[in-house]
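Content type mmCIF, C-alpha atoms and all ligand atoms, from the file final_3.cif:
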```cif
data_structure
#
loop_
_atom_site.label_atom_id
_atom_site.label_comp_id
_atom_site.auth_asym_id
_atom_site.auth_seq_id
_atom_site.Cartn_x
_atom_site.Cartn_y
_atom_site.Cartn_z
CA MET A 1 109.53 124.93 55.86
CA HIS A 2 111.50 124.31 59.05
CA THR A 3 110.03 123.07 62.30
CA ALA A 4 109.67 125.51 65.21
CA ILE A 5 111.00 123.05 67.76
CA GLU A 6 112.66 119.73 67.10
CA LEU A 7 113.97 117.19 69.60
CA ASN A 8 115.76 114.08 68.39
CA GLY A 9 116.56 111.28 70.82
CA VAL A 10 116.96 113.68 73.73
CA SER A 11 117.80 112.17 77.14
CA LYS A 12 118.74 113.73 80.44
CA TRP A 13 120.11 111.88 83.46
CA PHE A 14 120.46 113.68 86.77
CA PRO A 15 123.47 112.49 88.77
CA GLY A 16 122.63 109.51 90.99
CA ALA A 17 119.16 108.94 89.48
CA ALA A 18 118.26 105.32 88.60
CA GLU A 19 116.35 106.35 85.46
CA PRO A 20 116.77 109.26 83.07
CA ALA A 21 114.40 112.17 83.84
CA VAL A 22 113.90 112.57 80.08
CA HIS A 23 114.24 109.39 78.03
CA ASP A 24 114.88 109.37 74.29
CA VAL A 25 112.39 112.10 73.45
CA THR A 26 111.78 112.81 69.78
CA MET A 27 109.19 115.35 68.66
CA ALA A 28 108.72 118.04 66.05
CA ILE A 29 106.48 121.05 66.54
CA ALA A 30 105.30 123.09 63.57
CA PRO A 31 105.32 126.91 63.50
CA GLY A 32 102.08 128.22 65.02
CA GLU A 33 101.28 124.96 66.76
CA ILE A 34 100.31 124.62 70.43
CA VAL A 35 101.45 121.34 71.97
CA ALA A 36 100.57 120.29 75.52
CA LEU A 37 103.09 118.18 77.38
CA LEU A 38 100.79 116.17 79.63
CA GLY A 39 101.88 113.80 82.37
CA PRO A 40 101.83 113.11 86.09
CA SER A 41 104.07 114.95 88.53
CA GLY A 42 107.72 113.92 88.22
CA CYS A 43 107.45 112.46 84.69
CA GLY A 44 109.98 114.91 83.22
CA LYS A 45 107.86 117.74 81.81
CA THR A 46 109.71 120.65 83.40
CA THR A 47 113.08 119.08 82.58
CA THR A 48 111.99 118.84 78.92
CA LEU A 49 111.07 122.55 78.89
CA ARG A 50 114.36 123.44 80.59
CA LEU A 51 116.27 121.47 77.95
CA ILE A 52 114.48 123.39 75.19
CA ALA A 53 115.03 126.72 76.95
CA GLY A 54 118.71 125.97 77.52
CA PHE A 55 118.72 125.75 81.34
CA GLU A 56 119.78 122.09 81.09
CA ARG A 57 122.10 120.31 78.66
CA PRO A 58 120.99 117.02 77.06
CA ASP A 59 123.14 113.91 77.69
CA THR A 60 122.13 112.50 74.33
CA GLY A 61 120.25 113.79 71.31
CA THR A 62 119.88 117.13 69.60
CA ILE A 63 117.58 120.13 69.91
CA ALA A 64 116.80 122.72 67.23
CA ILE A 65 114.71 125.88 67.47
CA ALA A 66 113.40 127.64 64.37
CA GLY A 67 115.59 125.35 62.28
CA GLN A 68 118.78 126.26 64.15
CA PRO A 69 120.61 123.59 66.20
CA VAL A 70 120.93 124.81 69.80
CA ALA A 71 122.18 121.77 71.74
CA GLY A 72 123.65 118.31 71.29
CA GLY A 73 125.67 116.70 68.53
CA ALA A 74 128.45 118.84 67.08
CA THR A 75 126.56 122.06 67.85
CA PRO A 76 128.10 124.58 70.21
CA PHE A 77 125.64 125.01 73.11
CA VAL A 78 123.44 128.07 72.58
CA PRO A 79 122.64 129.79 75.91
CA PRO A 80 119.00 130.56 76.91
CA GLU A 81 119.16 134.28 76.11
CA ARG A 82 120.12 133.55 72.50
CA ARG A 83 117.49 130.89 71.78
CA GLY A 84 114.52 133.18 71.20
CA VAL A 85 112.47 131.40 73.82
CA GLY A 86 109.88 133.04 76.10
CA MET A 87 109.02 131.39 79.42
CA VAL A 88 105.93 131.64 81.61
CA PHE A 89 106.19 130.00 85.01
CA GLN A 90 103.59 128.69 87.44
CA ASP A 91 104.20 131.53 89.92
CA TYR A 92 104.47 134.12 87.06
CA ALA A 93 107.72 135.48 88.61
CA LEU A 94 106.66 139.10 88.00
CA PHE A 95 108.92 141.86 89.31
CA PRO A 96 106.98 143.17 92.35
CA HIS A 97 108.58 146.63 92.29
CA LEU A 98 107.78 147.25 88.61
CA THR A 99 104.44 148.33 87.11
CA VAL A 100 102.60 146.20 84.57
CA SER A 101 104.09 148.28 81.73
CA ASP A 102 107.59 148.06 83.11
CA ASN A 103 107.28 144.32 83.65
CA ILE A 104 106.24 143.89 80.03
CA ALA A 105 109.00 146.18 78.74
CA PHE A 106 111.67 144.55 80.92
CA GLY A 107 113.13 142.41 78.14
CA LEU A 108 113.15 145.33 75.68
CA ARG A 109 115.81 147.51 77.29
CA HIS A 110 118.01 147.15 74.21
CA LEU A 111 115.37 148.83 72.00
CA PRO A 112 114.94 152.60 71.41
CA ALA A 113 112.39 154.14 73.81
CA ALA A 114 109.75 154.78 71.14
CA GLU A 115 109.86 151.22 69.84
CA ARG A 116 109.79 149.88 73.40
CA ARG A 117 106.69 151.92 74.19
CA SER A 118 104.86 150.96 71.02
CA ARG A 119 105.49 147.23 71.57
CA CYS A 120 104.41 147.51 75.17
CA ASP A 121 101.21 149.33 74.11
CA ASP A 122 100.46 146.63 71.54
CA LEU A 123 100.81 143.91 74.17
CA LEU A 124 98.72 145.82 76.72
CA ALA A 125 95.95 146.02 74.10
CA LEU A 126 96.36 142.39 73.04
CA THR A 127 96.09 141.13 76.61
CA GLY A 128 93.42 143.64 77.71
CA LEU A 129 95.63 145.20 80.36
CA GLU A 130 95.51 148.87 79.29
CA ALA A 131 93.43 149.94 82.29
CA VAL A 132 95.91 148.47 84.77
CA ALA A 133 99.15 149.42 82.97
CA HIS A 134 100.33 151.55 85.89
CA ARG A 135 99.46 149.13 88.67
CA TYR A 136 101.89 146.89 90.51
CA PRO A 137 101.57 143.08 90.49
CA HIS A 138 100.09 142.90 94.00
CA GLN A 139 97.22 145.14 92.83
CA LEU A 140 96.15 142.61 90.15
CA SER A 141 93.91 139.55 90.12
CA GLY A 142 95.45 136.13 89.41
CA GLY A 143 94.19 136.19 85.84
CA GLN A 144 95.64 139.67 85.24
CA GLN A 145 98.99 138.61 86.68
CA GLN A 146 99.03 135.69 84.30
CA ARG A 147 98.33 137.96 81.35
CA VAL A 148 101.23 140.20 82.38
CA ALA A 149 103.53 137.18 82.54
CA ILE A 150 102.48 136.12 79.05
CA ALA A 151 102.79 139.66 77.65
CA ARG A 152 106.27 139.96 79.17
CA ALA A 153 107.34 136.65 77.65
CA LEU A 154 105.97 137.65 74.22
CA ALA A 155 107.48 141.16 74.20
CA PRO A 156 110.89 140.21 72.77
CA ARG A 157 109.05 138.31 69.98
CA PRO A 158 110.39 134.87 70.81
CA HIS A 159 110.33 132.02 68.28
CA VAL A 160 108.56 129.86 70.82
CA LEU A 161 106.69 130.30 74.08
CA LEU A 162 107.10 127.74 76.87
CA LEU A 163 104.46 127.69 79.62
CA ASP A 164 105.05 125.56 82.72
CA GLU A 165 101.78 124.78 84.59
CA PRO A 166 100.63 128.38 83.99
CA PHE A 167 97.08 127.89 85.27
CA SER A 168 97.71 126.06 88.51
CA ASN A 169 97.56 129.17 90.70
CA LEU A 170 94.09 130.14 89.50
CA ASP A 171 90.77 129.07 90.99
CA THR A 172 88.58 126.67 88.98
CA GLU A 173 86.41 129.29 87.29
CA MET A 174 89.29 131.61 86.42
CA ARG A 175 91.27 128.67 85.13
CA ALA A 176 88.57 127.68 82.64
CA GLN A 177 88.30 131.28 81.43
CA MET A 178 92.07 131.78 81.12
CA ARG A 179 92.52 128.54 79.18
CA ALA A 180 90.17 129.80 76.50
CA GLU A 181 91.70 133.29 76.57
CA VAL A 182 95.27 132.06 76.34
CA ARG A 183 94.47 129.76 73.44
CA GLU A 184 92.75 132.60 71.60
CA LEU A 185 95.66 134.95 72.26
CA LEU A 186 98.31 132.46 71.10
CA LYS A 187 96.29 131.68 67.96
CA ALA A 188 95.76 135.38 67.21
CA ILE A 189 99.51 135.97 67.04
CA GLN A 190 100.23 132.50 65.55
CA ALA A 191 102.60 131.70 68.40
CA THR A 192 104.32 128.36 68.67
CA ALA A 193 103.92 127.14 72.23
CA ILE A 194 104.48 124.21 74.55
CA LEU A 195 102.15 124.08 77.52
CA VAL A 196 103.22 121.83 80.38
CA THR A 197 100.41 120.50 82.52
CA HIS A 198 99.35 117.50 84.61
CA ASP A 199 95.69 118.41 83.96
CA GLN A 200 94.23 116.51 81.03
CA GLN A 201 91.28 118.80 80.52
CA GLU A 202 93.65 121.74 80.32
CA ALA A 203 95.83 119.93 77.80
CA MET A 204 92.86 118.93 75.67
CA THR A 205 91.17 122.34 75.61
CA VAL A 206 94.25 124.49 74.95
CA ALA A 207 96.42 122.41 72.64
CA ASP A 208 96.33 121.40 68.97
CA ARG A 209 98.23 118.23 69.88
CA VAL A 210 98.81 116.50 73.19
CA ALA A 211 102.09 114.74 73.99
CA VAL A 212 101.54 112.26 76.82
CA MET A 213 104.69 111.84 78.91
CA LEU A 214 105.10 108.95 81.33
CA GLN A 215 108.35 108.19 83.18
CA GLY A 216 110.45 110.40 80.94
CA ARG A 217 109.11 109.07 77.65
CA ILE A 218 106.63 110.51 75.18
CA GLU A 219 104.14 107.65 74.88
CA GLN A 220 101.90 109.31 72.31
CA ILE A 221 101.64 112.63 70.54
CA ASP A 222 98.42 113.25 68.69
CA THR A 223 95.28 115.37 68.52
CA PRO A 224 93.25 115.50 71.75
CA ASP A 225 90.39 113.34 70.42
CA ILE A 226 92.73 110.63 69.13
CA VAL A 227 94.65 110.56 72.42
CA TYR A 228 91.34 110.27 74.31
CA HIS A 229 89.55 107.69 72.19
CA TYR A 230 92.48 105.73 70.74
CA PRO A 231 95.30 105.83 73.31
CA ALA A 232 98.46 104.23 71.92
CA THR A 233 99.15 102.18 75.04
CA ARG A 234 97.25 100.92 78.07
CA ALA A 235 99.35 103.27 80.21
CA VAL A 236 98.10 106.29 78.22
CA ALA A 237 94.53 104.96 78.40
CA ARG A 238 94.79 104.71 82.18
CA PHE A 239 96.32 108.16 82.60
CA VAL A 240 93.98 110.01 80.23
CA GLY A 241 90.30 109.88 81.15
CA GLN A 242 88.31 107.08 82.69
CA GLY A 243 87.31 103.87 81.08
CA THR A 244 86.97 100.13 81.31
CA PHE A 245 88.89 97.40 79.48
CA VAL A 246 86.32 94.86 78.29
CA PRO A 247 87.79 91.49 77.24
CA ALA A 248 87.03 90.11 73.79
CA ARG A 249 87.78 86.74 72.21
CA VAL A 250 89.18 86.95 68.69
CA ALA A 251 87.99 84.56 65.99
CA GLY A 252 89.41 85.38 62.57
CA ASP A 253 88.85 89.10 62.17
CA VAL A 254 85.96 89.28 64.63
CA ALA A 255 86.18 90.18 68.31
CA LEU A 256 83.39 88.74 70.47
CA SER A 257 82.56 90.51 73.71
CA ASP A 258 79.75 91.16 76.17
CA LEU A 259 79.14 94.39 74.26
CA GLY A 260 78.59 92.53 70.99
CA GLN A 261 80.63 91.56 67.97
CA PHE A 262 83.18 93.82 66.38
CA GLY A 263 85.20 93.59 63.21
CA LEU A 264 88.92 93.92 63.92
CA ASP A 265 90.92 95.93 61.41
CA GLN A 266 94.22 94.29 62.17
CA ALA A 267 94.93 90.60 61.67
CA PRO A 268 96.42 88.45 62.97
CA ALA A 269 95.51 89.54 66.48
CA PRO A 270 96.11 87.69 69.75
CA GLN A 271 93.30 85.35 70.79
CA LEU A 272 92.31 87.66 73.59
CA VAL A 273 92.19 91.45 73.37
CA ASP A 274 90.70 94.17 75.55
CA LEU A 275 88.45 96.88 74.17
CA LEU A 276 88.71 100.33 75.72
CA VAL A 277 85.25 101.60 76.60
CA ARG A 278 84.92 105.18 77.85
CA PRO A 279 82.00 106.05 80.19
CA ARG A 280 80.15 107.81 77.35
CA ASP A 281 80.71 105.01 74.81
CA VAL A 282 77.69 102.92 75.83
CA THR A 283 73.97 103.35 76.31
CA LEU A 284 71.89 101.34 78.75
CA GLU A 285 68.44 99.96 78.00
CA VAL A 286 66.23 98.33 80.61
CA ASP A 287 65.65 94.75 79.40
CA PRO A 288 64.63 91.79 81.61
CA ASN A 289 66.57 89.54 79.19
CA GLY A 290 69.69 91.72 79.28
CA VAL A 291 72.88 90.00 80.36
CA ALA A 292 74.19 92.97 82.36
CA VAL A 293 73.03 94.25 85.75
CA VAL A 294 73.23 97.78 87.14
CA THR A 295 75.09 97.53 90.45
CA ALA A 296 75.43 101.17 91.46
CA ARG A 297 74.38 104.66 90.44
CA ARG A 298 76.06 107.87 91.56
CA PHE A 299 75.07 111.41 90.65
CA ASN A 300 78.31 113.11 89.60
CA GLY A 301 76.98 116.67 89.54
CA ALA A 302 75.85 116.76 85.92
CA GLU A 303 74.92 113.19 85.04
CA PHE A 304 74.62 109.70 86.48
CA THR A 305 77.63 107.44 86.63
CA TYR A 306 76.41 103.84 86.50
CA LEU A 307 78.39 100.74 87.35
CA VAL A 308 77.24 97.79 85.30
CA GLN A 309 78.24 94.19 85.94
CA LEU A 310 79.01 92.30 82.72
CA PRO A 311 78.93 88.47 82.48
CA CYS A 312 82.70 88.45 81.85
CA GLY A 313 83.17 89.77 85.39
CA VAL A 314 84.12 93.31 84.45
CA GLN A 315 82.38 96.29 86.05
CA LEU A 316 81.68 98.73 83.24
CA GLN A 317 81.43 102.44 83.97
CA SER A 318 78.73 104.30 82.06
CA ASP A 319 77.87 108.02 82.22
CA GLN A 320 74.27 108.81 81.32
CA PRO A 321 72.20 112.00 81.27
CA SER A 322 70.16 112.40 84.44
CA TYR A 323 66.88 111.53 82.65
CA VAL A 324 68.23 108.00 82.20
CA ASP A 325 67.04 106.82 85.58
CA ILE A 326 67.69 103.12 86.24
CA ALA A 327 67.61 101.63 89.72
CA PRO A 328 70.47 99.43 90.93
CA GLY A 329 69.58 95.76 90.54
CA THR A 330 67.90 96.31 87.14
CA ARG A 331 68.85 94.08 84.20
CA VAL A 332 69.99 96.05 81.17
CA ARG A 333 71.13 95.64 77.62
CA VAL A 334 74.39 97.51 76.96
CA ARG A 335 74.94 98.97 73.51
CA CYS A 336 78.11 100.51 72.21
CA ASN A 337 77.48 103.88 70.56
CA ARG A 338 80.89 104.36 68.99
CA SER A 339 81.71 103.39 65.45
CA ARG A 340 85.17 102.22 66.47
CA LEU A 341 86.85 101.08 69.66
CA ALA A 342 90.54 100.68 70.38
CA ALA A 343 91.72 97.09 71.01
CA TYR A 344 94.77 96.22 73.12
CA ASP A 345 97.14 93.32 73.66
CA ALA A 346 99.07 93.23 76.94
CA ASP A 347 100.51 96.74 76.53
CA THR A 348 99.73 98.34 73.23
CA ARG A 349 96.86 99.27 70.95
CA ILE A 350 96.85 96.66 68.21
CA GLY A 351 94.02 97.98 66.11
CA LEU A 352 90.51 99.30 65.95
CA THR A 353 87.16 97.58 65.86
CA ALA A 354 83.94 98.39 64.11
CA PRO A 355 80.54 96.93 65.10
CA ARG A 356 79.48 93.79 63.20
P1 LIG B 401 107.60 117.24 86.20
O1 LIG B 401 107.81 118.64 85.76
O2 LIG B 401 106.94 116.38 85.16
O3 LIG B 401 106.88 117.15 87.50
P2 LIG B 401 110.49 117.19 86.47
O4 LIG B 401 110.99 117.39 85.09
O5 LIG B 401 110.51 118.37 87.36
O6 LIG B 401 109.03 116.54 86.43
O7 LIG B 401 111.32 116.03 87.17
C1 LIG B 401 111.56 114.78 86.55
C2 LIG B 401 112.45 113.94 87.46
O8 LIG B 401 113.73 114.50 87.53
C3 LIG B 401 111.94 113.83 88.88
O9 LIG B 401 112.23 112.55 89.36
C4 LIG B 401 112.76 114.89 89.61
O10 LIG B 401 112.91 114.55 90.96
C5 LIG B 401 114.07 114.84 88.87
N1 LIG B 401 114.78 116.13 88.87
C6 LIG B 401 114.31 117.28 88.36
N2 LIG B 401 115.22 118.27 88.45
C7 LIG B 401 116.30 117.73 89.06
C8 LIG B 401 117.59 118.22 89.46
N3 LIG B 401 117.95 119.49 89.22
N4 LIG B 401 118.44 117.35 90.05
C9 LIG B 401 118.10 116.07 90.26
N5 LIG B 401 116.92 115.54 89.93
C10 LIG B 401 116.01 116.35 89.33
MG MG B 402 107.13 120.42 86.61
#
```

Write out the structure in this file as structure tokens.
Amino acid sequence: MHTAIELNGVSKWFPGAAEPAVHDVTMAIAPGEIVALLGPSGCGKTTTLRLIAGFERPDTGTIAIAGQPVAGGATPFVPPERRGVGMVFQDYALFPHLTVSDNIAFGLRHLPAAERRSRCDDLLALTGLEAVAHRYPHQLSGGQQQRVAIARALAPRPHVLLLDEPFSNLDTEMRAQMRAEVRELLKAIQATAILVTHDQQEAMTVADRVAVMLQGRIEQIDTPDIVYHYPATRAVARFVGQGTFVPARVAGDVALSDLGQFGLDQAPAPQLVDLLVRPRDVTLEVDPNGVAVVTARRFNGAEFTYLVQLPCGVQLQSDQPSYVDIAPGTRVRVRCNRSRLAAYDADTRIGLTAPR
């Protein structure tokens, strides 16, 4: 079985830039898989998509789509229109003077009229746009425009679909709805897709795997829960979600911290490690003998975010349901409610811990 998309050691330097925009990127995407390329603005996400689509040429490395080399190495460069790639852009780029149907059928001009119509009808049904088939883009809601853009990209039956920040023009509520809809749609037709986004929640809810990109490099590519709870590097931990690094002293295979003792699965470890603790990883218990003190409490709209001072000097962040009502100044006992925590040396995750 071939991969749907494969990048091997792909780099791209823009003239005059101090660093490559895309730096030695290697990843393989399976047929039917949805991968989110997640990273801050300017980290190289769009350039990576453009390299895959064929709008940029790699300086090093090779790219293959559906098992066929398309760029790099000894391969003659395959232009975008012959790569079998569908693109959906942030602004949708719909043709304003064409109806919904004609937008969708735009890439099918080479097909006989009957075939063109039947494919267009299928896509109108799939995306729930039948009732607005004869409208023009300006007569549609943001969500409908996005569905047209996706239907148009899918019409020529591309091997892969590339979506660049497709939800950023939608309001918060619509965005949440469209994320779920788009995932369902892509899964229904078993599409292979790369979704580019700087929004971690979007990446986590839509994708099967999340590739975290920082400064042109893929730092980690894994399932959303692994990326969230066991980030490969401190940089990924800082970019994805909130959390606190709690120091621990290592003795043999045990890490001792203000949150208790943990067994360390990887030895030898440095003498000092940091444990990544997410705001939901701990519970707080009022205890006059507790070593930690609640210093602040904020209501974040759904729950309380507590700041808790630990003896080691670190301020731990803890999210608690609103019925956990503890006044600032109260002494508490802090318990870890995860079976494993990620442990870090200066840069990198060096192993996992389990409570002892
Ligand atoms: P992202 O999509 O993650 O925001 P981009 O891939 O658009 O990032 O850009 C990555 C880096 O490459 C940025 O520093 C950007 O300024 C630079 N860049 C992008 N396109 C070009 C270009 N055509 N010429 C020169 N520099 C570019
Ligand atoms: Mg971009």

Give the answer as one residue: which of A:Ala232, A:Met87, A:Tyr136, A:Ala188 has the shortest atom-to-atom distance to Asp102 (chain A), using all atoms listed in the file?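 Counting all atoms listed in the file, the residue closest to Asp102 (chain A) is A:Tyr136.
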
Neighbours of region 317-319 of chain A within 12 Å (all atoms listed in the file; same-chain residues fewer than 5 positions away dropped), as a PyMOL selection string? chain A and resi 241-246+276-285+293-310+324-326+334-337

Can I get the selected residues back with C-alpha atoms, as a compact mmCIF listing (two decimals), keeping the file's coordinate frame?
```txt
# COMPACT_ATOMS: atom_id res chain seq x y z
CA GLY A 241 90.30 109.88 81.15
CA GLN A 242 88.31 107.08 82.69
CA GLY A 243 87.31 103.87 81.08
CA THR A 244 86.97 100.13 81.31
CA PHE A 245 88.89 97.40 79.48
CA VAL A 246 86.32 94.86 78.29
CA LEU A 276 88.71 100.33 75.72
CA VAL A 277 85.25 101.60 76.60
CA ARG A 278 84.92 105.18 77.85
CA PRO A 279 82.00 106.05 80.19
CA ARG A 280 80.15 107.81 77.35
CA ASP A 281 80.71 105.01 74.81
CA VAL A 282 77.69 102.92 75.83
CA THR A 283 73.97 103.35 76.31
CA LEU A 284 71.89 101.34 78.75
CA GLU A 285 68.44 99.96 78.00
CA VAL A 293 73.03 94.25 85.75
CA VAL A 294 73.23 97.78 87.14
CA THR A 295 75.09 97.53 90.45
CA ALA A 296 75.43 101.17 91.46
CA ARG A 297 74.38 104.66 90.44
CA ARG A 298 76.06 107.87 91.56
CA PHE A 299 75.07 111.41 90.65
CA ASN A 300 78.31 113.11 89.60
CA GLY A 301 76.98 116.67 89.54
CA ALA A 302 75.85 116.76 85.92
CA GLU A 303 74.92 113.19 85.04
CA PHE A 304 74.62 109.70 86.48
CA THR A 305 77.63 107.44 86.63
CA TYR A 306 76.41 103.84 86.50
CA LEU A 307 78.39 100.74 87.35
CA VAL A 308 77.24 97.79 85.30
CA GLN A 309 78.24 94.19 85.94
CA LEU A 310 79.01 92.30 82.72
CA VAL A 324 68.23 108.00 82.20
CA ASP A 325 67.04 106.82 85.58
CA ILE A 326 67.69 103.12 86.24
CA VAL A 334 74.39 97.51 76.96
CA ARG A 335 74.94 98.97 73.51
CA CYS A 336 78.11 100.51 72.21
CA ASN A 337 77.48 103.88 70.56
```

Residues of region 79-111 of chain A that have any atom at most 12 Å from an atom of region 42-47 of chain A: could you tabulate them with the shortest-distance atom pair and the distance in Å to one decimal, using only C-alpha atoms, ordered by chain and increasing number, as a Markdown table?
```
| residue | atom | partner | partner_atom | distance |
| --- | --- | --- | --- | --- |
| A:Met87 | CA | A:Thr46 | CA | 11.5 |
| A:Val88 | CA | A:Thr46 | CA | 11.8 |
| A:Phe89 | CA | A:Thr46 | CA | 10.1 |
| A:Gln90 | CA | A:Thr46 | CA | 10.9 |
```

If you count only C-alpha atoms, which residues fall within 12 Å of Leu111 (chain A), apart from same-chain ones fewer than 5 positions away, as a PyMOL selection string? chain A and resi 105-106+116-120+155-156

Residues within 6 Å of Ile194 (chain A), please, as number ranges by chain. Count all atoms listed in the file; anything in the same chain fewer than 5 positions from it doesn't count. A: 34-36, 162

Quick one: residues within 10 Å of (111.6, 119.3, 79.9) (file frame), counting only C-alpha atoms, please, as a short mmCIF file (atom, residue, chain, number, x, y, z; two decimals) with C-alpha atoms, in the frame of the given file.
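Result file follows (result-v3.cif):
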```
data_model
loop_
_atom_site.label_atom_id
_atom_site.label_comp_id
_atom_site.auth_asym_id
_atom_site.auth_seq_id
_atom_site.Cartn_x
_atom_site.Cartn_y
_atom_site.Cartn_z
CA VAL A 10 116.96 113.68 73.73
CA SER A 11 117.80 112.17 77.14
CA LYS A 12 118.74 113.73 80.44
CA ALA A 21 114.40 112.17 83.84
CA VAL A 22 113.90 112.57 80.08
CA VAL A 25 112.39 112.10 73.45
CA LEU A 37 103.09 118.18 77.38
CA CYS A 43 107.45 112.46 84.69
CA GLY A 44 109.98 114.91 83.22
CA LYS A 45 107.86 117.74 81.81
CA THR A 46 109.71 120.65 83.40
CA THR A 47 113.08 119.08 82.58
CA THR A 48 111.99 118.84 78.92
CA LEU A 49 111.07 122.55 78.89
CA ARG A 50 114.36 123.44 80.59
CA LEU A 51 116.27 121.47 77.95
CA ILE A 52 114.48 123.39 75.19
CA ALA A 53 115.03 126.72 76.95
CA PHE A 55 118.72 125.75 81.34
CA GLU A 56 119.78 122.09 81.09
CA ASP A 164 105.05 125.56 82.72
CA VAL A 196 103.22 121.83 80.38
CA GLY A 216 110.45 110.40 80.94
#
```

Shortest contact to Met27 (chain A), candidates A:Glu6, A:Asp208, A:Asp345, A:Asp122, atoms counted all atoms listed in the file, goes to A:Glu6

So which residues touch Ala93 (chain A) within 10 Å, counting all atoms listed in the file, skipping near sequence neighbours fewer than 6 positions away, as a PyMOL selection string? chain A and resi 137+145-146+149

For CA of Val332 (chain A) and CA of Val286 (chain A), the interatomic separation in Å (one decimal):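 Between CA of Val332 (chain A) and CA of Val286 (chain A) the gap works out to 4.4 Å.
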
Extending 3 Å beyond the listed atoms of ligand LIG 401 (chain B) on each side, what axis-aligned box results? I want centre and edge lengths in Å to one decimal, as JSON.
```
{"center_x": 112.7, "center_y": 116.0, "center_z": 88.0, "size_x": 17.6, "size_y": 12.9, "size_z": 11.9}
```

Could you list, as a PyMOL selection string, every residue within 10 Å of Asp265 (chain A), counting only C-alpha atoms and ignoring same-chain residues fewer than 2 positions away? chain A and resi 253-254+262-263+267-269+340+343+350-354

Could you please take those selected residues and save C-alpha atoms as a PDB file, in the frame of the given file?
```pdb
ATOM      1  CA  ASP A 253      88.850  89.100  62.170  1.00  0.00           C
ATOM      2  CA  VAL A 254      85.960  89.280  64.630  1.00  0.00           C
ATOM      3  CA  PHE A 262      83.180  93.820  66.380  1.00  0.00           C
ATOM      4  CA  GLY A 263      85.200  93.590  63.210  1.00  0.00           C
ATOM      5  CA  ALA A 267      94.930  90.600  61.670  1.00  0.00           C
ATOM      6  CA  PRO A 268      96.420  88.450  62.970  1.00  0.00           C
ATOM      7  CA  ALA A 269      95.510  89.540  66.480  1.00  0.00           C
ATOM      8  CA  ARG A 340      85.170 102.220  66.470  1.00  0.00           C
ATOM      9  CA  ALA A 343      91.720  97.090  71.010  1.00  0.00           C
ATOM     10  CA  ILE A 350      96.850  96.660  68.210  1.00  0.00           C
ATOM     11  CA  GLY A 351      94.020  97.980  66.110  1.00  0.00           C
ATOM     12  CA  LEU A 352      90.510  99.300  65.950  1.00  0.00           C
ATOM     13  CA  THR A 353      87.160  97.580  65.860  1.00  0.00           C
ATOM     14  CA  ALA A 354      83.940  98.390  64.110  1.00  0.00           C
TER      15      ALA A 354
END
```

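Pairwise distance (CA of Asp225 (chain A), CA of Ala237 (chain A)) equals 12.3 Å.
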
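Restricting the calculation to all atoms listed in the file, the smallest distance between Leu264 (chain A) and any of A:Gln177, A:Val314, A:Ala131, A:Tyr344 is found for A:Tyr344.
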
Distance of CA of Ala153 (chain A) from CA of Asn103 (chain A), expressed in Å to one decimal place: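 Interatomic distance, CA of Asn103 (chain A) to CA of Ala153 (chain A): 9.7 Å.
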
Which is closest to Thr205 (chain A) among A:Leu163, A:Leu108, A:Ala4, A:Ala180, if we use all atoms listed in the file?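 Of all the options, A:Ala180 lies closest to Thr205 (chain A).
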
Can you work out which one of A:His97, A:Arg356, A:Arg179, A:His198 has the shortest atom-to-atom distance to Gln261 (chain A), counting only C-alpha atoms?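 Distance minimum relative to Gln261 (chain A) lands on A:Arg356.
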
Judged by all atoms listed in the file, the minimum distance to Ile29 (chain A) among A:Thr60, A:Thr192, A:Gln271, A:Thr75 is found for A:Thr192
